[in-house]
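A.B. asks: Mind having a look at this structure? Questions to follow.
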There are 2 protein chains.
Amino acid sequence: MAQQTAGRQSARVLCLSGGIGGAKLALGLYRVLDPWELAVLSNTGDDFEHFGLYISPDLDTVMYTLAGENNIEQGWGRAGETWTFIEQMQRLGGATWFRLGDGDLAIHMRRTELLGQGKKLGEITAELCHRLNVEADLLPMSDDPVRTVVATADGRELMFQHYLVRELAEPVAREFRYVGADQARPNPHLLSLLQEPGLQAIVICPSNPYVSIDPILAVPGIRDALKACQAPIVAVSPIVGGQAIKGPLAKMLAEQQLPVNALTIAECYQDLLSGFVLDIQDAELATALKIPARVTNTVMLSLQDRENLARTVLEFARELGA
Amino acid sequence: MAQQTAGRQSARVLCLSGGIGGAKLALGLYRVLDPWELAVLSNTGDDFEHFGLYISPDLDTVMYTLAGENNIEQGWGRAGETWTFIEQMQRLGGATWFRLGDGDLAIHMRRTELLGQGKKLGEITAELCHRLNVEADLLPMSDDPVRTVVATADGRELMFQHYLVRELAEPVAREFRYVGADQARPNPHLLSLLQEPGLQAIVICPSNPYVSIDPILAVPGIRDALKACQAPIVAVSPIVGGQAIKGPLAKMLAEQQLPVNALTIAECYQDLLSGFVLDIQDAELATALKIPARVTNTVMLSLQDRENLARTVLEFARELGA
């Protein structure tokens with residue numbers, strides 16, 4: 001197994017990320033920094049078991065994205081994927097709602113095997129990153145299980161992937177619970193990283209607060225350690241022009257009776273933030289914030305967009321930290 | 001789940017089969033009979049767990065072959081298979097000695113899932129056959145675990161797939177053990193089938209006696225029920241002209257200090273057989289047999305060869321049963 005951080009400098013920038021949207025900015029940061037300068041703290045609240053496999057959707061999305069192997073057209077999964085497994089599974093009458101790609105299966109199966117050998121999720125993630133030539137430190141928020149559960153208006157408790165993928169995020173969400181969070185311990189590398197004087201910025205990626213960032217913050221010790229950290233904390237709004245770039249966030253905000261705009265996102269993190277980044281479409285909201293704001297293009301269509309946003313965020317953090 | 005045999009006539013011909021060689025004759029029988037007339041009693045001594053999946057190589061080979069979906073060029077696995085999984089597994093540093101195809105994975109994963117739900121291997125096999133439109137009754141020899149272990153000259157005990165695939169059958173085999181056989185019960189449909197007056201023939205396919213047929217016969221009750229059955233039992237030699245058509249049988253016979261010829265095979269089953277089928281290359285051995293012999297082409301290169309051999313074997317059995 002690869003050593004996680006031993007023998008090399010610790011990261012200078014930490015970003016908190018969920019899946020697709022967060023991974024876009026993580027990739028921008030990875031490209032404008034030296035690879036070793038970035039650590040990504042990844043949500044594992046989406047993790048679940050399927051066909052006996054331990055699946056970590058956000059970790060995998062970040063890993064494939066930083067490796068340059070994500071499927072850009074499809075928006076999720078591996079580039080150049082084949083689908084023979086799921087076609088056969090359909091013929092055999094098994095579950096096909098979670099579209100497992102043939103190559104993607106290898107990562108789930110290898111991870112499950114290593115977990116079965118008693119390895120920790122963090123160690124395994126470091127090993128898989130090493131194999132995929134990802135040089136950033138990808139840190140699962142915890143080695144312990146935390147499961148995001150969506151309590152629905154019709155009285156059900158859905159595992160997040162069941163809510164999102166199997167039920168297409170159609171049920172009305174009343175509440176989000178992070179089952180197991182109270183027993184979970186933070187990733188062992190995180191707390192020491194947050195005490196490093198060399199840490200220059202913490203970035204909350206444009207991810208869903210309820211199901212990507214809050215699960216991370218629900219792990220006891222993480223929120224306090226972020227607050228205590230000397231580095232400025234900057235969040236980028238995942239809501240642009242009253243809509244979510246990706247996923248069910250706008251629907252969730254509406255179901256929580258909250259305004260679907262960037263200010264609501266800023267309020268989610270208000271005790272943590274040094275500054276907030278809004279899209280140019282939402283420039284007029286900046287004056288309503290009680291913290292420093294930076295207005296820029298946050299819609300990341302191209303690789304250049306990702307790098308530009310990363311540079312702006314880092315520059316903003318540098319100013320805030322000065 | 002599909003019902004295994006309920007509501008339809010029971011089979012008229014039972015064949016005992018291992019993997020590739022046996023499946024060729026099973027396919028011939030399947031094609032010259034009405035599909036429902038054939039039952040295949042399959043070795044499960046090769047079954048093993050890999051990446052947490054329950055893998056049944058001989059059952060799968062027979063199933064794919066009868067479904068017309070076996071990979072003829074390769075000699076094993078599925079036709080039209082893709083290999084993205086194993087390529088990725090190689091990159092990730094996992095085990096690749098057992099070449100799991102992408103579509104093949106679906107059958108292992110589905111079987112493992114259904115076993116986890118408490119279903120029996122026989123029920124699951126019936127369900128999978130139904131999904132693949134295989135109309136013969138494919139009967140695993142037992143729902144209970146039996147594991148063929150090869151005791152090697154260098155003092156090791158190797159699971160059969162480890163011996164055959166991982167170690168390329170290179171170790172010298174001293175002994176074959178069928179671990180768990182003493183506790184295993186015969187497939188529940190087998191004993192009633194053997195008592196059916198409509199059963200016309202039992203065919204021991206040209207499979208490896210040590211690692212394909214003996215594991216079946218090691219399940220308590222199967223050998224006695226075969227002996228007590230009124231239908232004639234005919235075996236086809238897997239050794240032709242002093243060589244095995246496929247696999248390590250010739251090497252195994254030599255390592256047992258036994259003559260590498262068809263007579264040795266006939267002796268393996270001597271207490272059971274009504275007749276024995278030899279290849280035309282071995283015609284001169286027929287006179288040395290103490291039981292009726294039939295000499296014919298047993299080398300099944302074409303589909304026509306498979307059907308011709310099946311017809312000859314059935315005709316021979318009919319004569320013996322008259």
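Labels used: A, B, ... for chains in the order of the structure tokens, numbers from 1 for residues in each chain, and numbers from 1 for ligands as shown.
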Counting only C-alpha atoms, what is within 12 Å of B:Glu196, bar same-chain residues fewer than 2 positions away, as a list in words?

C.D. replies: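 Skipping anything fewer than 2 positions along the chain leaves Gln9, Ser10, Ala11, Arg12, Val13, Leu14, His189, Leu190, Leu191, Ser192, Leu193, Leu194, Gly198, Leu199, Gln200, Ala201, Ala225, Ala228, Cys229, Gln230 and Ala231 of chain B.
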
A.B. asks: Excluding B:Ala184 and residues on its chain fewer than 4 positions from it, collect all residues at most 10 Å away from it, counting only C-alpha atoms, and give them as a PyMOL selection string.

C.D. replies: chain B and resi 141-146+179-180+218-221

A.B. asks: Please produce, as CSV, a per-residue contact table for chain B versus chain A (criterion: any atom at most 7 Å away, only C-alpha atoms considered), showing the nearest atom pair and its distance in Å to one decimal, sorted by chain then residue number.

C.D. replies:
```
residue,atom,partner,partner_atom,distance
B:Phe51,CA,A:Glu113,CA,6.2
B:Thr82,CA,A:Thr84,CA,6.7
B:Thr84,CA,A:Gly103,CA,5.0
B:Phe85,CA,A:Gly103,CA,4.3
B:Gln88,CA,A:Gly103,CA,5.6
B:Met89,CA,A:Ala106,CA,5.1
B:Arg91,CA,A:Arg131,CA,6.4
B:Leu92,CA,A:Arg131,CA,5.5
B:Gly94,CA,A:Arg110,CA,6.3
B:Asp102,CA,A:Phe85,CA,5.0
B:Gly103,CA,A:Phe85,CA,4.3
B:Leu105,CA,A:Phe85,CA,6.4
B:Ala106,CA,A:Met89,CA,5.1
B:Met109,CA,A:Phe51,CA,6.6
B:Arg110,CA,A:Gly94,CA,6.3
B:Glu113,CA,A:Phe51,CA,6.2
B:Leu128,CA,A:Leu92,CA,6.3
B:Arg131,CA,A:Leu92,CA,5.5
```

A.B. asks: Output N, CA and C atoms for every residue in that selection, as a PDB file, in the first residue's frame.

C.D. replies:
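So the final result, stored in again_37.pdb, reads:
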```pdb
ATOM      1  N   PHE B  51     -13.008 -12.506  -5.001  1.00  0.00           N
ATOM      2  CA  PHE B  51     -13.551 -11.154  -4.807  1.00  0.00           C
ATOM      3  C   PHE B  51     -14.937 -11.203  -4.139  1.00  0.00           C
ATOM      4  N   THR B  82     -16.503  -8.657 -23.124  1.00  0.00           N
ATOM      5  CA  THR B  82     -15.564  -7.526 -23.042  1.00  0.00           C
ATOM      6  C   THR B  82     -14.746  -7.697 -21.760  1.00  0.00           C
ATOM      7  N   THR B  84     -13.070  -5.020 -19.845  1.00  0.00           N
ATOM      8  CA  THR B  84     -12.713  -3.756 -19.207  1.00  0.00           C
ATOM      9  C   THR B  84     -12.454  -3.934 -17.711  1.00  0.00           C
ATOM     10  N   PHE B  85     -13.268  -4.762 -17.072  1.00  0.00           N
ATOM     11  CA  PHE B  85     -13.095  -4.982 -15.633  1.00  0.00           C
ATOM     12  C   PHE B  85     -11.689  -5.469 -15.311  1.00  0.00           C
ATOM     13  N   GLN B  88      -8.933  -2.942 -15.761  1.00  0.00           N
ATOM     14  CA  GLN B  88      -8.886  -1.964 -14.673  1.00  0.00           C
ATOM     15  C   GLN B  88      -8.371  -2.614 -13.388  1.00  0.00           C
ATOM     16  N   MET B  89      -8.781  -3.839 -13.138  1.00  0.00           N
ATOM     17  CA  MET B  89      -8.319  -4.524 -11.927  1.00  0.00           C
ATOM     18  C   MET B  89      -6.797  -4.659 -11.949  1.00  0.00           C
ATOM     19  N   ARG B  91      -4.718  -2.576 -13.380  1.00  0.00           N
ATOM     20  CA  ARG B  91      -4.181  -1.245 -13.031  1.00  0.00           C
ATOM     21  C   ARG B  91      -4.247  -0.990 -11.540  1.00  0.00           C
ATOM     22  N   LEU B  92      -5.318  -1.515 -10.906  1.00  0.00           N
ATOM     23  CA  LEU B  92      -5.532  -1.235  -9.483  1.00  0.00           C
ATOM     24  C   LEU B  92      -4.750  -2.183  -8.579  1.00  0.00           C
ATOM     25  N   GLY B  94      -5.091  -5.484  -8.269  1.00  0.00           N
ATOM     26  CA  GLY B  94      -5.828  -6.651  -7.768  1.00  0.00           C
ATOM     27  C   GLY B  94      -5.442  -7.913  -8.526  1.00  0.00           C
ATOM     28  N   ASP B 102     -16.488  -9.188 -18.369  1.00  0.00           N
ATOM     29  CA  ASP B 102     -17.447  -8.190 -17.863  1.00  0.00           C
ATOM     30  C   ASP B 102     -18.858  -8.769 -17.734  1.00  0.00           C
ATOM     31  N   GLY B 103     -19.297  -9.489 -18.764  1.00  0.00           N
ATOM     32  CA  GLY B 103     -20.648 -10.039 -18.726  1.00  0.00           C
ATOM     33  C   GLY B 103     -20.727 -11.245 -17.805  1.00  0.00           C
ATOM     34  N   LEU B 105     -19.205 -11.576 -15.090  1.00  0.00           N
ATOM     35  CA  LEU B 105     -19.347 -11.056 -13.725  1.00  0.00           C
ATOM     36  C   LEU B 105     -20.807 -10.993 -13.290  1.00  0.00           C
ATOM     37  N   ALA B 106     -21.684 -10.708 -14.241  1.00  0.00           N
ATOM     38  CA  ALA B 106     -23.099 -10.548 -13.875  1.00  0.00           C
ATOM     39  C   ALA B 106     -23.653 -11.849 -13.306  1.00  0.00           C
ATOM     40  N   MET B 109     -22.282 -12.387  -9.831  1.00  0.00           N
ATOM     41  CA  MET B 109     -22.808 -11.431  -8.863  1.00  0.00           C
ATOM     42  C   MET B 109     -24.265 -11.734  -8.537  1.00  0.00           C
ATOM     43  N   ARG B 110     -25.019 -12.108  -9.554  1.00  0.00           N
ATOM     44  CA  ARG B 110     -26.420 -12.439  -9.330  1.00  0.00           C
ATOM     45  C   ARG B 110     -26.545 -13.708  -8.488  1.00  0.00           C
ATOM     46  N   GLU B 113     -25.665 -12.939  -4.942  1.00  0.00           N
ATOM     47  CA  GLU B 113     -26.754 -12.183  -4.306  1.00  0.00           C
ATOM     48  C   GLU B 113     -27.890 -13.127  -3.893  1.00  0.00           C
ATOM     49  N   LEU B 128     -31.348 -18.936 -13.454  1.00  0.00           N
ATOM     50  CA  LEU B 128     -30.398 -18.385 -14.425  1.00  0.00           C
ATOM     51  C   LEU B 128     -30.582 -19.062 -15.790  1.00  0.00           C
ATOM     52  N   ARG B 131     -33.508 -17.576 -17.486  1.00  0.00           N
ATOM     53  CA  ARG B 131     -33.180 -16.250 -18.041  1.00  0.00           C
ATOM     54  C   ARG B 131     -32.386 -16.360 -19.334  1.00  0.00           C
TER      55      ARG B 131
END
```

A.B. asks: For A:Val277, please output as a PyMOL selection string all residues within 12 Å (counting only C-alpha atoms; exclusion window: fewer than 3 positions along the same chain).

C.D. replies: chain A and resi 203-206+233-240+262-263+265-266+273-274+280-283+285-286+289+291-299+309-310+312-317

A.B. asks: Go ahead and compute the interatomic distance for atom CA of A:Gln74 and atom CA of A:Ser302, in Å to one decimal.

C.D. replies: 14.8 Å
